[in-house]
>>> print(open('query-v9.cif').read())   # mmCIF, C-alpha atoms
data_coords
#
loop_
_atom_site.label_atom_id
_atom_site.label_comp_id
_atom_site.auth_asym_id
_atom_site.auth_seq_id
_atom_site.Cartn_x
_atom_site.Cartn_y
_atom_site.Cartn_z
CA GLU V 1 103.51 191.37 332.78
CA THR V 2 105.71 189.00 330.79
CA GLY V 3 108.39 188.28 333.38
CA VAL V 4 111.09 189.73 331.11
CA THR V 5 112.93 192.57 332.79
CA GLN V 6 115.38 195.00 331.28
CA SER V 7 117.77 197.46 332.86
CA PRO V 8 118.28 200.30 332.87
CA THR V 9 114.98 201.83 331.75
CA HIS V 10 116.56 204.95 330.34
CA LEU V 11 120.12 205.83 329.49
CA ILE V 12 121.94 208.83 328.04
CA LYS V 13 125.37 208.35 326.50
CA THR V 14 127.80 210.45 324.53
CA ARG V 15 128.80 209.64 320.97
CA GLY V 16 131.81 207.31 320.93
CA GLN V 17 131.09 205.77 324.32
CA GLN V 18 130.21 202.16 325.01
CA VAL V 19 127.01 200.88 326.60
CA THR V 20 125.78 197.62 328.12
CA LEU V 21 122.10 196.79 328.35
CA ARG V 22 120.79 193.90 330.42
CA CYS V 23 117.90 191.49 330.16
CA SER V 24 116.53 188.82 332.47
CA SER V 25 114.43 186.33 330.56
CA GLN V 26 111.20 184.74 331.68
CA SER V 27 111.72 181.77 333.95
CA GLY V 28 112.46 178.61 331.97
CA HIS V 29 113.10 180.41 328.69
CA ASN V 30 116.41 179.50 327.06
CA THR V 31 116.33 181.84 324.05
CA VAL V 32 116.82 185.60 324.07
CA SER V 33 116.50 187.99 321.13
CA TRP V 34 117.34 191.67 320.94
CA TYR V 35 115.58 194.25 318.80
CA GLN V 36 116.22 197.93 318.06
CA GLN V 37 113.21 200.16 317.61
CA ALA V 38 113.83 203.64 316.23
CA LEU V 39 111.21 206.29 316.82
CA GLY V 40 108.13 205.69 314.68
CA GLN V 41 109.43 202.39 313.32
CA GLY V 42 108.87 198.73 313.96
CA PRO V 43 111.46 196.73 315.92
CA GLN V 44 114.47 195.50 313.93
CA PHE V 45 116.12 192.19 314.80
CA ILE V 46 119.69 192.52 316.11
CA PHE V 47 120.57 188.96 317.16
CA GLN V 48 119.40 185.91 319.06
CA TYR V 49 121.11 183.77 321.68
CA TYR V 50 120.31 180.17 322.47
CA ARG V 51 122.10 178.33 325.25
CA GLU V 52 124.85 180.96 325.41
CA GLU V 53 125.63 180.98 321.68
CA GLU V 54 124.63 183.42 318.96
CA ASN V 55 121.93 181.75 316.93
CA GLY V 56 121.18 184.30 314.24
CA ARG V 57 122.03 187.90 313.47
CA GLY V 58 120.35 190.77 311.70
CA ASN V 59 121.92 193.50 309.60
CA PHE V 60 123.84 195.24 312.38
CA PRO V 61 127.59 196.01 312.47
CA PRO V 62 130.03 194.08 314.69
CA ARG V 63 130.09 196.88 317.25
CA PHE V 64 126.77 195.42 318.37
CA SER V 65 127.63 192.33 320.39
CA GLY V 66 125.97 190.19 323.00
CA LEU V 67 126.29 187.57 325.66
CA GLN V 68 124.01 185.03 327.21
CA PHE V 69 124.78 183.60 330.63
CA PRO V 70 124.13 180.13 332.08
CA ASN V 71 120.98 181.44 333.77
CA TYR V 72 119.83 182.59 330.30
CA SER V 73 120.01 186.27 331.13
CA SER V 74 121.63 188.37 328.44
CA GLU V 75 123.57 191.52 327.68
CA LEU V 76 123.68 193.73 324.62
CA ASN V 77 126.87 195.73 324.18
CA VAL V 78 127.28 198.59 321.75
CA ASN V 79 130.70 200.10 321.16
CA ALA V 80 131.58 203.45 319.57
CA LEU V 81 128.08 204.80 319.94
CA GLU V 82 126.64 206.84 317.10
CA LEU V 83 123.77 209.30 317.16
CA ASP V 84 121.67 206.87 315.08
CA ASP V 85 121.95 204.29 317.84
CA SER V 86 119.40 206.31 319.79
CA ALA V 87 116.40 203.99 320.05
CA LEU V 88 114.33 201.73 322.25
CA TYR V 89 116.12 198.40 322.72
CA LEU V 90 113.82 195.49 323.35
CA CYS V 91 114.68 192.08 324.69
CA ALA V 92 112.45 189.09 324.02
CA SER V 93 112.62 185.63 325.53
CA SER V 94 111.15 182.39 324.32
CA LEU V 95 111.28 178.74 325.27
CA VAL V 96 112.78 177.40 322.05
CA THR V 97 114.10 178.81 318.82
CA ALA V 98 111.65 177.08 316.52
CA TRP V 99 109.63 179.03 314.03
CA GLY V 100 106.44 180.42 315.37
CA THR V 101 107.51 180.35 318.99
CA GLU V 102 105.79 183.07 320.95
CA ALA V 103 108.24 185.71 322.15
CA PHE V 104 107.70 187.67 325.35
CA PHE V 105 109.09 191.18 325.40
CA GLY V 106 110.46 193.36 328.17
CA GLN V 107 109.59 197.00 328.60
CA GLY V 108 112.75 198.09 326.82
CA THR V 109 115.70 200.37 327.45
CA ARG V 110 115.47 203.79 325.88
CA LEU V 111 118.97 204.84 324.81
CA THR V 112 119.73 208.42 323.86
CA VAL V 113 123.09 209.22 322.28
CA VAL V 114 124.09 212.86 322.35
CA ALA G 115 113.41 188.96 301.84
CA GLN G 116 110.22 188.91 303.79
CA LYS G 117 108.23 192.07 304.31
CA VAL G 118 105.28 193.26 306.36
CA THR G 119 103.32 196.33 305.34
CA GLN G 120 100.97 198.27 307.57
CA ALA G 121 99.77 201.06 305.34
CA GLN G 122 97.75 202.81 308.03
CA THR G 123 100.09 205.01 310.02
CA GLU G 124 97.49 206.43 312.37
CA ILE G 125 93.79 205.82 312.95
CA SER G 126 91.52 207.87 315.19
CA VAL G 127 88.10 206.61 316.25
CA VAL G 128 85.48 207.50 318.78
CA GLU G 129 84.88 205.05 321.59
CA LYS G 130 82.52 202.17 320.72
CA GLU G 131 83.33 202.36 317.02
CA ASP G 132 84.69 199.27 315.30
CA VAL G 133 88.14 199.58 313.75
CA THR G 134 90.16 197.36 311.43
CA LEU G 135 93.94 197.43 311.23
CA ASP G 136 95.38 196.16 307.96
CA CYS G 137 98.43 193.97 307.50
CA VAL G 138 99.85 192.69 304.22
CA TYR G 139 102.87 190.41 304.13
CA GLU G 140 105.31 189.01 301.58
CA THR G 141 107.12 185.70 301.96
CA ARG G 142 108.45 182.92 299.77
CA ASP G 143 108.04 180.35 302.50
CA THR G 144 105.15 177.92 302.40
CA THR G 145 105.21 177.57 306.17
CA TYR G 146 105.24 180.72 308.21
CA TYR G 147 103.74 182.34 311.28
CA LEU G 148 102.05 185.69 311.68
CA PHE G 149 101.67 187.68 314.85
CA TRP G 150 100.01 190.78 316.20
CA TYR G 151 101.53 192.72 319.08
CA LYS G 152 100.25 195.75 320.98
CA GLN G 153 102.66 198.42 322.23
CA PRO G 154 101.24 200.80 324.83
CA PRO G 155 103.14 203.98 325.76
CA SER G 156 105.11 202.01 328.36
CA GLY G 157 107.01 200.40 325.47
CA GLU G 158 106.50 196.71 326.19
CA LEU G 159 105.26 194.65 323.25
CA VAL G 160 102.23 192.63 324.31
CA PHE G 161 101.50 189.43 322.39
CA LEU G 162 97.95 189.26 321.02
CA ILE G 163 97.79 186.36 318.57
CA ARG G 164 99.82 183.89 316.50
CA ARG G 165 98.59 182.09 313.37
CA ASN G 166 100.37 179.58 311.18
CA SER G 167 100.10 179.52 307.41
CA PHE G 168 98.02 176.34 307.39
CA ASP G 169 95.28 177.70 309.58
CA GLU G 170 93.12 180.22 307.76
CA GLN G 171 90.26 179.96 310.18
CA ASN G 172 89.29 183.36 311.54
CA GLU G 173 89.61 183.82 315.26
CA ILE G 174 87.67 185.82 317.78
CA SER G 175 88.80 186.64 321.29
CA GLY G 176 86.41 188.91 323.12
CA ARG G 177 86.32 192.22 321.26
CA TYR G 178 89.26 191.20 319.07
CA SER G 179 89.02 189.27 315.83
CA TRP G 180 91.47 188.37 313.10
CA ASN G 181 90.91 187.68 309.42
CA PHE G 182 93.68 185.68 307.74
CA GLN G 183 93.51 185.34 303.95
CA LYS G 184 96.41 183.63 302.19
CA SER G 185 94.99 184.50 298.76
CA THR G 186 95.58 188.19 299.42
CA SER G 187 98.50 187.75 301.88
CA SER G 188 96.61 189.67 304.51
CA PHE G 189 96.15 189.25 308.23
CA ASN G 190 93.80 191.98 309.40
CA PHE G 191 92.84 192.78 312.97
CA THR G 192 89.47 194.16 314.04
CA ILE G 193 88.56 195.66 317.39
CA THR G 194 84.84 195.76 318.02
CA ALA G 195 83.35 198.47 320.24
CA SER G 196 86.72 200.15 320.77
CA GLN G 197 87.66 201.56 324.17
CA VAL G 198 90.09 204.25 325.27
CA VAL G 199 92.34 201.53 326.73
CA ASP G 200 92.80 200.15 323.22
CA SER G 201 94.86 203.23 322.34
CA ALA G 202 98.34 201.98 321.45
CA VAL G 203 100.58 201.14 318.53
CA TYR G 204 99.75 197.80 316.94
CA PHE G 205 102.35 195.77 315.08
CA CYS G 206 101.92 192.91 312.67
CA ALA G 207 104.92 190.58 312.40
CA LEU G 208 106.11 187.61 310.37
CA SER G 209 108.38 184.87 311.73
CA GLU G 210 111.30 183.83 309.57
CA SER G 211 114.68 182.16 309.85
CA ALA G 212 117.38 184.26 311.48
CA GLY G 213 120.18 182.64 309.50
CA ALA G 214 122.46 179.63 309.45
CA GLY G 215 122.49 179.38 313.21
CA GLY G 216 118.98 177.97 313.14
CA GLY G 217 117.28 180.72 315.07
CA ASN G 218 114.17 182.61 314.13
CA LYS G 219 113.34 186.28 314.09
CA LEU G 220 110.31 188.48 313.76
CA THR G 221 110.00 190.92 310.89
CA PHE G 222 107.71 193.73 311.97
CA GLY G 223 105.65 196.22 310.05
CA THR G 224 105.97 199.90 310.86
CA GLY G 225 102.95 199.81 313.12
CA THR G 226 99.57 201.53 313.26
CA GLN G 227 98.94 204.12 315.96
CA LEU G 228 95.36 203.71 317.17
CA LYS G 229 93.78 206.57 319.10
CA VAL G 230 90.41 205.98 320.70
CA GLU G 231 88.74 209.11 321.97
CA LEU G 232 85.71 209.66 324.16
#
>>> encode(input="query-v9.cif", output="structure tokens")
Amino acid sequence: ETGVTQSPTHLIKTRGQQVTLRCSSQSGHNTVSWYQQALGQGPQFIFQYYREEENGRGNFPPRFSGLQFPNYSSELNVNALELDDSALYLCASSLVTAWGTEAFFGQGTRLTVV
Amino acid sequence: AQKVTQAQTEISVVEKEDVTLDCVYETRDTTYYLFWYKQPPSGELVFLIRRNSFDEQNEISGRYSWNFQKSTSSFNFTITASQVVDSAVYFCALSESAGAGGGNKLTFGTGTQLKVEL
């Protein structure tokens, strides 16, 4: 196990609703990244947080937002849910943001939008 | 933009066979990092290996080995004497800058589903 925990494990939401996903990073890790993995695809980078500030963002609309707390845990918020938002959301923590840093992933939250 | 291609969508082998998973990448950077991750049905991505662009030495770890060739932009992964527990989706990934904020991100391939049968 990596020490990265995500909650909830599964979630069903209705189109147009809002959702918050949570991630506790591995002890001592100050960087958290979020990825979206659609069925049959590789994970896609959403954004990264380092010391409570957004430190890079992928090609996702503003309705995807995040937070990182002083204890380095993190939240991913998605507003106005769409059917295409149905996916596995993965959180990854690492010690620093430098290139090549090994990222440790949680087990993911499987979101279904109906 | 950087890109990772895993042309093999699904591979099925019989236990104890050797199997090679292909990965081809595209990048304009001279310094970069490549990774392999394993994703079992539970969903968690398990780190297997990281290589930087200056280290083309092949690596062996137990039944796993990796062949990195910059000349062909490939980073292939071989499992020797496969076992049923090796059944999973395997992802190759490339590390790149996440933008002006200074962070980094992983660009993943689409994965190869490996099925090892008795």
>>> closest_residue(input="query-v9.cif", among="G:Thr226, G:Thr123, G:Asn190, G:Ser209", to="chain V", atoms="only C-alpha atoms")
G:Ser209
>>> interface_residues(input="query-v9.cif", of="chain G", to="chain V", cutoff="9 Å", atoms="all atoms listed in the file", output="VMD selection string")
chain G and resid 146 to 149 156 to 161 163 to 166 205 208 to 225
>>> atom_distance(input="query-v9.cif", atom1="CA of Leu111 (chain V)", atom2="CA of Thr9 (chain V)")
8.6 Å
>>> atom_distance(input="query-v9.cif", atom1="CA of Ser196 (chain G)", atom2="CA of Ser126 (chain G)")
10.7 Å
>>> closest_residue(input="query-v9.cif", among="G:Ser167, G:Thr119, G:Asn172, G:Gln197", to="Val138 (chain G)", atoms="only C-alpha atoms")
G:Thr119
>>> resolve_selection(input="query-v9.cif", expression="the PyMOL selection byres ((chain G and resi 173) around 12)", output="PyMOL selection string")
chain G and resi 162-165+169-172+174-182+189-192
>>> resolve_selection(input="query-v9.cif", expression="the PyMOL selection byres ((chain G and resi 204) around 7)", output="mmCIF file with C-alpha atoms, in the coordinates of the input")
data_model
loop_
_atom_site.group_PDB
_atom_site.id
_atom_site.type_symbol
_atom_site.label_atom_id
_atom_site.label_comp_id
_atom_site.auth_asym_id
_atom_site.auth_seq_id
_atom_site.Cartn_x
_atom_site.Cartn_y
_atom_site.Cartn_z
ATOM 1 C CA TYR G 151 101.530 192.720 319.080
ATOM 2 C CA LYS G 152 100.250 195.750 320.980
ATOM 3 C CA GLN G 153 102.660 198.420 322.230
ATOM 4 C CA ALA G 202 98.340 201.980 321.450
ATOM 5 C CA VAL G 203 100.580 201.140 318.530
ATOM 6 C CA PHE G 205 102.350 195.770 315.080
ATOM 7 C CA CYS G 206 101.920 192.910 312.670
ATOM 8 C CA GLY G 225 102.950 199.810 313.120
ATOM 9 C CA THR G 226 99.570 201.530 313.260
ATOM 10 C CA GLN G 227 98.940 204.120 315.960
#
>>> residues_near_point(input="query-v9.cif", point="(93.2, 205.0, 324.4)", cutoff="8 Å", atoms="all atoms listed in the file", output="JSON, numbers by chain")
{"G": [197, 198, 199, 200, 201, 202, 228, 229, 230, 231]}
>>> resolve_selection(input="query-v9.cif", expression="the PyMOL selection byres ((chain G and resi 133) around 8)", output="list of chain:residue names")
G:Val127, G:Glu131, G:Asp132, G:Thr134, G:Leu135, G:Thr192, G:Ile193, G:Thr194, G:Ser196
>>> atom_distance(input="query-v9.cif", atom1="CA of His10 (chain V)", atom2="CA of Arg51 (chain V)")
27.7 Å
>>> residues_around(input="query-v9.cif", residues="Cys23 (chain V)", least_positions_apart="4", cutoff="7 Å", atoms="only C-alpha atoms", output="mmCIF file with C-alpha atoms, keeping the file's coordinate frame")
data_model
loop_
_atom_site.group_PDB
_atom_site.id
_atom_site.type_symbol
_atom_site.label_atom_id
_atom_site.label_comp_id
_atom_site.auth_asym_id
_atom_site.auth_seq_id
_atom_site.Cartn_x
_atom_site.Cartn_y
_atom_site.Cartn_z
ATOM 1 C CA THR V 5 112.930 192.570 332.790
ATOM 2 C CA GLN V 6 115.380 195.000 331.280
ATOM 3 C CA SER V 7 117.770 197.460 332.860
ATOM 4 C CA SER V 73 120.010 186.270 331.130
ATOM 5 C CA SER V 74 121.630 188.370 328.440
ATOM 6 C CA GLU V 75 123.570 191.520 327.680
ATOM 7 C CA CYS V 91 114.680 192.080 324.690
#
>>> closest_residue(input="query-v9.cif", among="V:Thr112, V:Gln36, V:Thr20, V:Ser25", to="Ser86 (chain V)", atoms="only C-alpha atoms")
V:Thr112
>>> residues_around(input="query-v9.cif", residues="Asp85 (chain V)", least_positions_apart="2", cutoff="8 Å", atoms="all atoms listed in the file", output="VMD selection string")
chain V and resid 81 to 83 87 111 to 113
>>> residues_around(input="query-v9.cif", residues="Arg63 (chain V)", least_positions_apart="4", cutoff="10 Å", atoms="all atoms listed in the file", output="JSON, numbers by chain")
{"V": [18, 77, 78, 79, 80, 81]}
>>> decode(input="query-v9.cif", residues="region 30-53 of chain V", atoms="C-alpha atoms", output="short mmCIF file (atom, residue, chain, number, x, y, z; two decimals), in the first residue's frame")
data_model
loop_
_atom_site.label_atom_id
_atom_site.label_comp_id
_atom_site.auth_asym_id
_atom_site.auth_seq_id
_atom_site.Cartn_x
_atom_site.Cartn_y
_atom_site.Cartn_z
CA ASN V 30 3.81 18.04 0.23
CA THR V 31 2.59 17.70 -3.36
CA VAL V 32 -0.73 16.29 -4.53
CA SER V 33 -1.88 15.71 -8.10
CA TRP V 34 -5.28 14.68 -9.39
CA TYR V 35 -5.96 12.58 -12.46
CA GLN V 36 -9.14 11.55 -14.28
CA GLN V 37 -9.22 8.10 -15.83
CA ALA V 38 -12.09 7.34 -18.19
CA LEU V 39 -12.94 3.71 -18.85
CA GLY V 40 -10.33 2.06 -21.05
CA GLN V 41 -8.07 5.12 -21.07
CA GLY V 42 -4.92 6.24 -19.33
CA PRO V 43 -5.12 8.79 -16.51
CA GLN V 44 -5.35 12.45 -17.58
CA PHE V 45 -3.74 15.17 -15.46
CA ILE V 46 -6.23 17.58 -13.88
CA PHE V 47 -4.05 19.73 -11.61
CA GLN V 48 -1.33 19.70 -8.98
CA TYR V 49 -1.08 21.40 -5.60
CA TYR V 50 2.11 22.26 -3.78
CA ARG V 51 2.04 23.84 -0.34
CA GLU V 52 -1.62 24.80 -0.71
CA GLU V 53 -1.29 26.49 -4.10
#
